[in-house]
$ cat data07.pdb   # PDB, C-alpha atoms
ATOM      1  CA  MET C   1       0.000   0.000   0.000  1.00  0.00           C
ATOM      2  CA  PRO C   2       1.492   3.384  -0.966  1.00  0.00           C
ATOM      3  CA  ARG C   3       2.356   5.838   1.763  1.00  0.00           C
ATOM      4  CA  PRO C   4      -0.199   8.686   1.972  1.00  0.00           C
ATOM      5  CA  SER C   5       0.771  12.243   1.128  1.00  0.00           C
ATOM      6  CA  TRP C   6       0.756  14.746   3.986  1.00  0.00           C
ATOM      7  CA  ASP C   7      -2.574  16.149   2.770  1.00  0.00           C
ATOM      8  CA  GLU C   8      -4.084  12.658   2.637  1.00  0.00           C
ATOM      9  CA  TYR C   9      -2.723  11.887   6.099  1.00  0.00           C
ATOM     10  CA  PHE C  10      -4.044  15.033   7.792  1.00  0.00           C
ATOM     11  CA  MET C  11      -7.384  14.898   5.972  1.00  0.00           C
ATOM     12  CA  ALA C  12      -7.860  11.284   7.108  1.00  0.00           C
ATOM     13  CA  ILE C  13      -7.178  12.420  10.676  1.00  0.00           C
ATOM     14  CA  ALA C  14      -9.754  15.232  10.332  1.00  0.00           C
ATOM     15  CA  GLU C  15     -12.294  12.679   9.150  1.00  0.00           C
ATOM     16  CA  HIS C  16     -11.469  10.416  12.092  1.00  0.00           C
ATOM     17  CA  VAL C  17     -11.791  13.364  14.506  1.00  0.00           C
ATOM     18  CA  ALA C  18     -15.276  13.985  13.057  1.00  0.00           C
ATOM     19  CA  ASP C  19     -16.301  10.567  14.403  1.00  0.00           C
ATOM     20  CA  ARG C  20     -16.351  12.186  17.885  1.00  0.00           C
ATOM     21  CA  ALA C  21     -18.902  14.839  16.798  1.00  0.00           C
ATOM     22  CA  THR C  22     -22.126  14.958  18.778  1.00  0.00           C
ATOM     23  CA  CYS C  23     -24.164  17.042  16.327  1.00  0.00           C
ATOM     24  CA  MET C  24     -27.276  15.238  15.115  1.00  0.00           C
ATOM     25  CA  ARG C  25     -27.201  16.962  11.702  1.00  0.00           C
ATOM     26  CA  ARG C  26     -23.599  16.755  10.550  1.00  0.00           C
ATOM     27  CA  SER C  27     -20.266  15.369  11.808  1.00  0.00           C
ATOM     28  CA  ILE C  28     -17.352  17.720  11.171  1.00  0.00           C
ATOM     29  CA  GLY C  29     -13.690  17.473  12.145  1.00  0.00           C
ATOM     30  CA  ALA C  30     -10.778  19.899  11.990  1.00  0.00           C
ATOM     31  CA  VAL C  31      -7.036  19.536  12.503  1.00  0.00           C
ATOM     32  CA  LEU C  32      -4.614  22.459  12.868  1.00  0.00           C
ATOM     33  CA  VAL C  33      -1.154  21.626  11.524  1.00  0.00           C
ATOM     34  CA  LYS C  34       2.150  23.466  11.294  1.00  0.00           C
ATOM     35  CA  ASP C  35       5.469  22.116  10.033  1.00  0.00           C
ATOM     36  CA  LYS C  36       3.858  18.679   9.559  1.00  0.00           C
ATOM     37  CA  ARG C  37       2.922  18.548  13.269  1.00  0.00           C
ATOM     38  CA  ILE C  38      -0.598  18.406  14.677  1.00  0.00           C
ATOM     39  CA  LEU C  39      -1.235  21.387  16.953  1.00  0.00           C
ATOM     40  CA  ALA C  40      -4.886  20.798  17.883  1.00  0.00           C
ATOM     41  CA  THR C  41      -8.033  19.016  16.784  1.00  0.00           C
ATOM     42  CA  GLY C  42     -11.706  19.834  17.100  1.00  0.00           C
ATOM     43  CA  TYR C  43     -15.089  18.399  16.269  1.00  0.00           C
ATOM     44  CA  ASN C  44     -18.557  19.898  16.396  1.00  0.00           C
ATOM     45  CA  GLY C  45     -20.557  19.423  19.551  1.00  0.00           C
ATOM     46  CA  VAL C  46     -21.825  21.105  22.697  1.00  0.00           C
ATOM     47  CA  PRO C  47     -19.517  22.768  25.225  1.00  0.00           C
ATOM     48  CA  ALA C  48     -17.830  20.438  27.710  1.00  0.00           C
ATOM     49  CA  GLY C  49     -20.069  19.254  30.507  1.00  0.00           C
ATOM     50  CA  LEU C  50     -23.366  20.099  28.821  1.00  0.00           C
ATOM     51  CA  ALA C  51     -25.968  17.600  27.636  1.00  0.00           C
ATOM     52  CA  HIS C  52     -25.455  16.492  24.053  1.00  0.00           C
ATOM     53  CA  CYS C  53     -28.142  17.248  21.506  1.00  0.00           C
ATOM     54  CA  ASP C  54     -29.265  13.618  21.376  1.00  0.00           C
ATOM     55  CA  GLU C  55     -30.176  14.078  25.074  1.00  0.00           C
ATOM     56  CA  ALA C  56     -31.319  17.717  25.159  1.00  0.00           C
ATOM     57  CA  GLY C  57     -32.744  17.914  21.654  1.00  0.00           C
ATOM     58  CA  CYS C  58     -31.589  19.811  18.600  1.00  0.00           C
ATOM     59  CA  ILE C  59     -32.711  23.428  18.710  1.00  0.00           C
ATOM     60  CA  ARG C  60     -32.150  23.776  14.967  1.00  0.00           C
ATOM     61  CA  GLU C  61     -34.373  20.778  14.209  1.00  0.00           C
ATOM     62  CA  GLN C  62     -37.065  21.930  16.655  1.00  0.00           C
ATOM     63  CA  ARG C  63     -37.190  25.383  15.080  1.00  0.00           C
ATOM     64  CA  ALA C  64     -36.705  24.190  11.472  1.00  0.00           C
ATOM     65  CA  ILE C  65     -33.678  26.449  11.007  1.00  0.00           C
ATOM     66  CA  PRO C  66     -32.166  25.971   7.531  1.00  0.00           C
ATOM     67  CA  SER C  67     -28.538  24.943   7.218  1.00  0.00           C
ATOM     68  CA  GLY C  68     -26.150  27.873   6.874  1.00  0.00           C
ATOM     69  CA  THR C  69     -28.372  30.341   8.723  1.00  0.00           C
ATOM     70  CA  GLN C  70     -28.637  31.613  12.297  1.00  0.00           C
ATOM     71  CA  HIS C  71     -25.491  29.834  13.514  1.00  0.00           C
ATOM     72  CA  GLU C  72     -26.006  31.330  16.967  1.00  0.00           C
ATOM     73  CA  LEU C  73     -29.157  29.243  17.475  1.00  0.00           C
ATOM     74  CA  CYS C  74     -27.368  26.002  18.254  1.00  0.00           C
ATOM     75  CA  ARG C  75     -26.053  24.316  21.399  1.00  0.00           C
ATOM     76  CA  GLY C  76     -22.947  23.216  19.532  1.00  0.00           C
ATOM     77  CA  ILE C  77     -19.592  24.728  18.705  1.00  0.00           C
ATOM     78  CA  HIS C  78     -18.096  24.198  15.250  1.00  0.00           C
ATOM     79  CA  ALA C  79     -15.076  21.939  14.742  1.00  0.00           C
ATOM     80  CA  GLU C  80     -12.780  24.760  13.624  1.00  0.00           C
ATOM     81  CA  GLN C  81     -13.789  26.835  16.656  1.00  0.00           C
ATOM     82  CA  ASN C  82     -13.109  23.904  18.996  1.00  0.00           C
ATOM     83  CA  ALA C  83      -9.662  23.341  17.453  1.00  0.00           C
ATOM     84  CA  VAL C  84      -8.712  27.009  17.984  1.00  0.00           C
ATOM     85  CA  ILE C  85     -10.105  26.907  21.535  1.00  0.00           C
ATOM     86  CA  GLN C  86      -8.123  23.752  22.352  1.00  0.00           C
ATOM     87  CA  ALA C  87      -4.919  25.335  21.089  1.00  0.00           C
ATOM     88  CA  ALA C  88      -5.596  28.470  23.166  1.00  0.00           C
ATOM     89  CA  ARG C  89      -6.396  26.483  26.322  1.00  0.00           C
ATOM     90  CA  HIS C  90      -3.114  24.637  26.070  1.00  0.00           C
ATOM     91  CA  GLY C  91      -0.984  27.620  25.051  1.00  0.00           C
ATOM     92  CA  ILE C  92      -0.247  26.348  21.556  1.00  0.00           C
ATOM     93  CA  PRO C  93       0.416  29.110  19.004  1.00  0.00           C
ATOM     94  CA  ILE C  94      -1.301  28.456  15.687  1.00  0.00           C
ATOM     95  CA  ASP C  95      -0.151  31.494  13.720  1.00  0.00           C
ATOM     96  CA  GLY C  96       0.972  30.218  10.300  1.00  0.00           C
ATOM     97  CA  ALA C  97      -0.934  26.927  10.605  1.00  0.00           C
ATOM     98  CA  THR C  98      -2.928  24.993   8.029  1.00  0.00           C
ATOM     99  CA  ALA C  99      -6.482  23.937   8.896  1.00  0.00           C
ATOM    100  CA  TYR C 100      -7.601  20.565   7.550  1.00  0.00           C
ATOM    101  CA  CYS C 101     -11.408  20.469   7.701  1.00  0.00           C
ATOM    102  CA  THR C 102     -13.898  17.860   6.627  1.00  0.00           C
ATOM    103  CA  HIS C 103     -16.143  20.702   5.422  1.00  0.00           C
ATOM    104  CA  GLN C 104     -15.506  24.160   3.999  1.00  0.00           C
ATOM    105  CA  PRO C 105     -15.667  26.678   6.878  1.00  0.00           C
ATOM    106  CA  CYS C 106     -18.735  28.837   7.439  1.00  0.00           C
ATOM    107  CA  VAL C 107     -18.342  32.606   7.803  1.00  0.00           C
ATOM    108  CA  LEU C 108     -18.068  32.417  11.613  1.00  0.00           C
ATOM    109  CA  CYS C 109     -15.246  29.875  11.431  1.00  0.00           C
ATOM    110  CA  ALA C 110     -13.620  31.743   8.543  1.00  0.00           C
ATOM    111  CA  LYS C 111     -13.372  34.904  10.660  1.00  0.00           C
ATOM    112  CA  ILE C 112     -11.907  32.972  13.588  1.00  0.00           C
ATOM    113  CA  LEU C 113      -9.359  31.189  11.380  1.00  0.00           C
ATOM    114  CA  ILE C 114      -8.362  34.496   9.793  1.00  0.00           C
ATOM    115  CA  ASN C 115      -7.782  36.177  13.170  1.00  0.00           C
ATOM    116  CA  ALA C 116      -5.974  33.100  14.519  1.00  0.00           C
ATOM    117  CA  GLY C 117      -3.384  33.456  11.751  1.00  0.00           C
ATOM    118  CA  VAL C 118      -4.236  30.359   9.745  1.00  0.00           C
ATOM    119  CA  VAL C 119      -2.583  30.679   6.322  1.00  0.00           C
ATOM    120  CA  GLU C 120      -4.136  27.730   4.503  1.00  0.00           C
ATOM    121  CA  ILE C 121      -7.405  25.794   4.624  1.00  0.00           C
ATOM    122  CA  VAL C 122      -7.790  22.360   3.058  1.00  0.00           C
ATOM    123  CA  PHE C 123     -11.336  20.951   3.051  1.00  0.00           C
ATOM    124  CA  ARG C 124     -13.122  17.955   1.552  1.00  0.00           C
ATOM    125  CA  GLU C 125     -16.852  18.802   1.428  1.00  0.00           C
ATOM    126  CA  ALA C 126     -18.166  22.053  -0.012  1.00  0.00           C
ATOM    127  CA  TYR C 127     -20.316  24.254   2.211  1.00  0.00           C
ATOM    128  CA  PRO C 128     -21.750  27.118   0.184  1.00  0.00           C
ATOM    129  CA  ASP C 129     -21.086  30.324   2.086  1.00  0.00           C
ATOM    130  CA  ALA C 130     -20.199  33.125  -0.300  1.00  0.00           C
ATOM    131  CA  LEU C 131     -19.253  35.594   2.434  1.00  0.00           C
ATOM    132  CA  ALA C 132     -16.854  33.064   4.003  1.00  0.00           C
ATOM    133  CA  GLU C 133     -15.225  32.485   0.608  1.00  0.00           C
ATOM    134  CA  GLU C 134     -14.892  36.233  -0.010  1.00  0.00           C
ATOM    135  CA  MET C 135     -13.348  36.913   3.405  1.00  0.00           C
ATOM    136  CA  ILE C 136     -10.908  33.998   3.156  1.00  0.00           C
ATOM    137  CA  ALA C 137      -9.799  35.214  -0.285  1.00  0.00           C
ATOM    138  CA  GLU C 138      -9.516  38.836   0.889  1.00  0.00           C
ATOM    139  CA  ALA C 139      -7.347  37.680   3.811  1.00  0.00           C
ATOM    140  CA  GLY C 140      -5.021  35.952   1.349  1.00  0.00           C
ATOM    141  CA  ILE C 141      -5.596  32.504   2.811  1.00  0.00           C
ATOM    142  CA  VAL C 142      -5.036  29.645   0.391  1.00  0.00           C
ATOM    143  CA  CYS C 143      -8.251  27.597   0.379  1.00  0.00           C
ATOM    144  CA  THR C 144      -8.237  24.269  -1.441  1.00  0.00           C
ATOM    145  CA  ARG C 145     -10.835  21.569  -1.932  1.00  0.00           C
ATOM    146  CA  PHE C 146      -9.317  18.132  -1.406  1.00  0.00           C
ATOM    147  CA  THR C 147     -10.709  15.278  -3.479  1.00  0.00           C
ATOM    148  CA  SER C 148      -9.485  11.803  -4.390  1.00  0.00           C
ATOM    149  CA  GLY C 149      -6.199  12.128  -2.582  1.00  0.00           C
ATOM    150  CA  GLU C 150      -5.086  15.411  -4.129  1.00  0.00           C
ATOM    151  CA  PRO C 151      -6.173  19.040  -3.603  1.00  0.00           C
ATOM    152  CA  GLU C 152      -8.096  20.663  -6.486  1.00  0.00           C
TER     153      GLU C 152
END
$ encode --input "data07.pdb" --output "structure tokens"
Amino acid sequence: MPRPSWDEYFMAIAEHVADRATCMRRSIGAVLVKDKRILATGYNGVPAGLAHCDEAGCIREQRAIPSGTQHELCRGIHAEQNAVIQAARHGIPIDGATAYCTHQPCVLCAKILINAGVVEIVFREAYPDALAEEMIAEAGIVCTRFTSGEPE
């Protein structure tokens, strides 16, 4: 079996991290990497110590909130946000890092990644958010869709 490229390796880890997600709608994982070293990981789910949505119920489902809207009406935190939070909690600088994400970041995560100093985003699944795409491009962050083992 051929050895995976670095992008394949880190994307596979992001997908594995997503297995820990507690969101009832979508499982998302993120890995922050610099100099081929994992700095932090994150998956989407509720804050530590709170009841998961499968126990407390999904606010977004209950209120029929469409995907990509009203992000604040959710018990969960996005995977990219959790990865940045984990790095901050443990004093790990992420300036200059690459974010490997199972899904293209939303505008909230895009703004956080920009301010955290992330210089590249590699994602597998598209998530249509025009404002996120515009802001990432304006910030000069390289954003690449990863498919079939190689970035597009």
$ resolve_selection --input "data07.pdb" --expression "the PyMOL selection byres ((chain C and resi 93) around 10)" --output "number ranges by chain"
C: 34, 39-40, 84, 87-88, 90-92, 94-97, 116-117
$ write_last_selection --input "data07.pdb" --atoms "C-alpha atoms" --output "PDB file, in the frame of the given file"
ATOM      1  CA  LYS C  34       2.150  23.466  11.294  1.00  0.00           C
ATOM      2  CA  LEU C  39      -1.235  21.387  16.953  1.00  0.00           C
ATOM      3  CA  ALA C  40      -4.886  20.798  17.883  1.00  0.00           C
ATOM      4  CA  VAL C  84      -8.712  27.009  17.984  1.00  0.00           C
ATOM      5  CA  ALA C  87      -4.919  25.335  21.089  1.00  0.00           C
ATOM      6  CA  ALA C  88      -5.596  28.470  23.166  1.00  0.00           C
ATOM      7  CA  HIS C  90      -3.114  24.637  26.070  1.00  0.00           C
ATOM      8  CA  GLY C  91      -0.984  27.620  25.051  1.00  0.00           C
ATOM      9  CA  ILE C  92      -0.247  26.348  21.556  1.00  0.00           C
ATOM     10  CA  ILE C  94      -1.301  28.456  15.687  1.00  0.00           C
ATOM     11  CA  ASP C  95      -0.151  31.494  13.720  1.00  0.00           C
ATOM     12  CA  GLY C  96       0.972  30.218  10.300  1.00  0.00           C
ATOM     13  CA  ALA C  97      -0.934  26.927  10.605  1.00  0.00           C
ATOM     14  CA  ALA C 116      -5.974  33.100  14.519  1.00  0.00           C
ATOM     15  CA  GLY C 117      -3.384  33.456  11.751  1.00  0.00           C
TER      16      GLY C 117
END
$ closest_residue --input "data07.pdb" --among "C:Lys111, C:Ala48, C:Ala56, C:Asn82" --to "Leu131 in chain C" --atoms "only C-alpha atoms"
C:Lys111
$ resolve_selection --input "data07.pdb" --expression "the PyMOL selection byres ((chain C and resi 119) around 9)" --output "PDB file with C-alpha atoms, keeping the file's coordinate frame"
ATOM      1  CA  ASP C  95      -0.151  31.494  13.720  1.00  0.00           C
ATOM      2  CA  GLY C  96       0.972  30.218  10.300  1.00  0.00           C
ATOM      3  CA  ALA C  97      -0.934  26.927  10.605  1.00  0.00           C
ATOM      4  CA  THR C  98      -2.928  24.993   8.029  1.00  0.00           C
ATOM      5  CA  ALA C  99      -6.482  23.937   8.896  1.00  0.00           C
ATOM      6  CA  LEU C 113      -9.359  31.189  11.380  1.00  0.00           C
ATOM      7  CA  ILE C 114      -8.362  34.496   9.793  1.00  0.00           C
ATOM      8  CA  GLY C 117      -3.384  33.456  11.751  1.00  0.00           C
ATOM      9  CA  VAL C 118      -4.236  30.359   9.745  1.00  0.00           C
ATOM     10  CA  GLU C 120      -4.136  27.730   4.503  1.00  0.00           C
ATOM     11  CA  ILE C 121      -7.405  25.794   4.624  1.00  0.00           C
ATOM     12  CA  ALA C 139      -7.347  37.680   3.811  1.00  0.00           C
ATOM     13  CA  GLY C 140      -5.021  35.952   1.349  1.00  0.00           C
ATOM     14  CA  ILE C 141      -5.596  32.504   2.811  1.00  0.00           C
ATOM     15  CA  VAL C 142      -5.036  29.645   0.391  1.00  0.00           C
ATOM     16  CA  CYS C 143      -8.251  27.597   0.379  1.00  0.00           C
TER      17      CYS C 143
END
$ closest_residue --input "data07.pdb" --among "C:Ser5, C:Asn44, C:Thr69, C:Gln86" --to "Asp129 in chain C" --atoms "only C-alpha atoms"
C:Thr69
$ residues_around --input "data07.pdb" --residues "Ser67 in chain C" --least-positions-apart "6" --cutoff "12 Å" --atoms "all atoms listed in the file" --output "PDB file with C-alpha atoms, in the frame of the given file"
ATOM      1  CA  ARG C  25     -27.201  16.962  11.702  1.00  0.00           C
ATOM      2  CA  ARG C  26     -23.599  16.755  10.550  1.00  0.00           C
ATOM      3  CA  ARG C  60     -32.150  23.776  14.967  1.00  0.00           C
ATOM      4  CA  GLU C  61     -34.373  20.778  14.209  1.00  0.00           C
ATOM      5  CA  LEU C  73     -29.157  29.243  17.475  1.00  0.00           C
ATOM      6  CA  CYS C  74     -27.368  26.002  18.254  1.00  0.00           C
ATOM      7  CA  CYS C 106     -18.735  28.837   7.439  1.00  0.00           C
ATOM      8  CA  TYR C 127     -20.316  24.254   2.211  1.00  0.00           C
ATOM      9  CA  PRO C 128     -21.750  27.118   0.184  1.00  0.00           C
ATOM     10  CA  ASP C 129     -21.086  30.324   2.086  1.00  0.00           C
TER      11      ASP C 129
END
$ atom_distance --input "data07.pdb" --atom1 "CA of Ala12 in chain C" --atom2 "CA of Glu134 in chain C"
26.9 Å
$ build_atoms --input "data07.pdb" --residues "range 100-113 of chain C" --atoms "N, CA and C atoms" --output "compact mmCIF listing (two decimals), keeping the file's coordinate frame"
# COMPACT_ATOMS: atom_id res chain seq x y z
N TYR C 100 -7.01 21.64 8.33
CA TYR C 100 -7.60 20.56 7.55
C TYR C 100 -9.00 20.35 8.11
N CYS C 101 -10.01 20.52 7.26
CA CYS C 101 -11.41 20.47 7.70
C CYS C 101 -12.19 19.51 6.81
N THR C 102 -13.07 18.76 7.42
CA THR C 102 -13.90 17.86 6.63
C THR C 102 -14.86 18.65 5.74
N HIS C 103 -15.22 19.86 6.17
CA HIS C 103 -16.14 20.70 5.42
C HIS C 103 -15.56 22.11 5.29
N GLN C 104 -15.92 22.78 4.23
CA GLN C 104 -15.51 24.16 4.00
C GLN C 104 -16.04 25.02 5.15
N PRO C 105 -15.22 25.88 5.73
CA PRO C 105 -15.67 26.68 6.88
C PRO C 105 -16.80 27.65 6.54
N CYS C 106 -17.68 27.83 7.54
CA CYS C 106 -18.74 28.84 7.44
C CYS C 106 -18.10 30.21 7.71
N VAL C 107 -18.88 31.26 7.61
CA VAL C 107 -18.34 32.61 7.80
C VAL C 107 -17.85 32.82 9.24
N LEU C 108 -18.53 32.26 10.23
CA LEU C 108 -18.07 32.42 11.61
C LEU C 108 -16.70 31.78 11.79
N CYS C 109 -16.53 30.57 11.30
CA CYS C 109 -15.25 29.88 11.43
C CYS C 109 -14.18 30.55 10.57
N ALA C 110 -14.58 31.04 9.40
CA ALA C 110 -13.62 31.74 8.54
C ALA C 110 -13.03 32.94 9.27
N LYS C 111 -13.86 33.72 9.94
CA LYS C 111 -13.37 34.90 10.66
C LYS C 111 -12.44 34.51 11.79
N ILE C 112 -12.76 33.45 12.49
CA ILE C 112 -11.91 32.97 13.59
C ILE C 112 -10.57 32.47 13.04
N LEU C 113 -10.60 31.70 11.96
CA LEU C 113 -9.36 31.19 11.38
C LEU C 113 -8.49 32.33 10.86
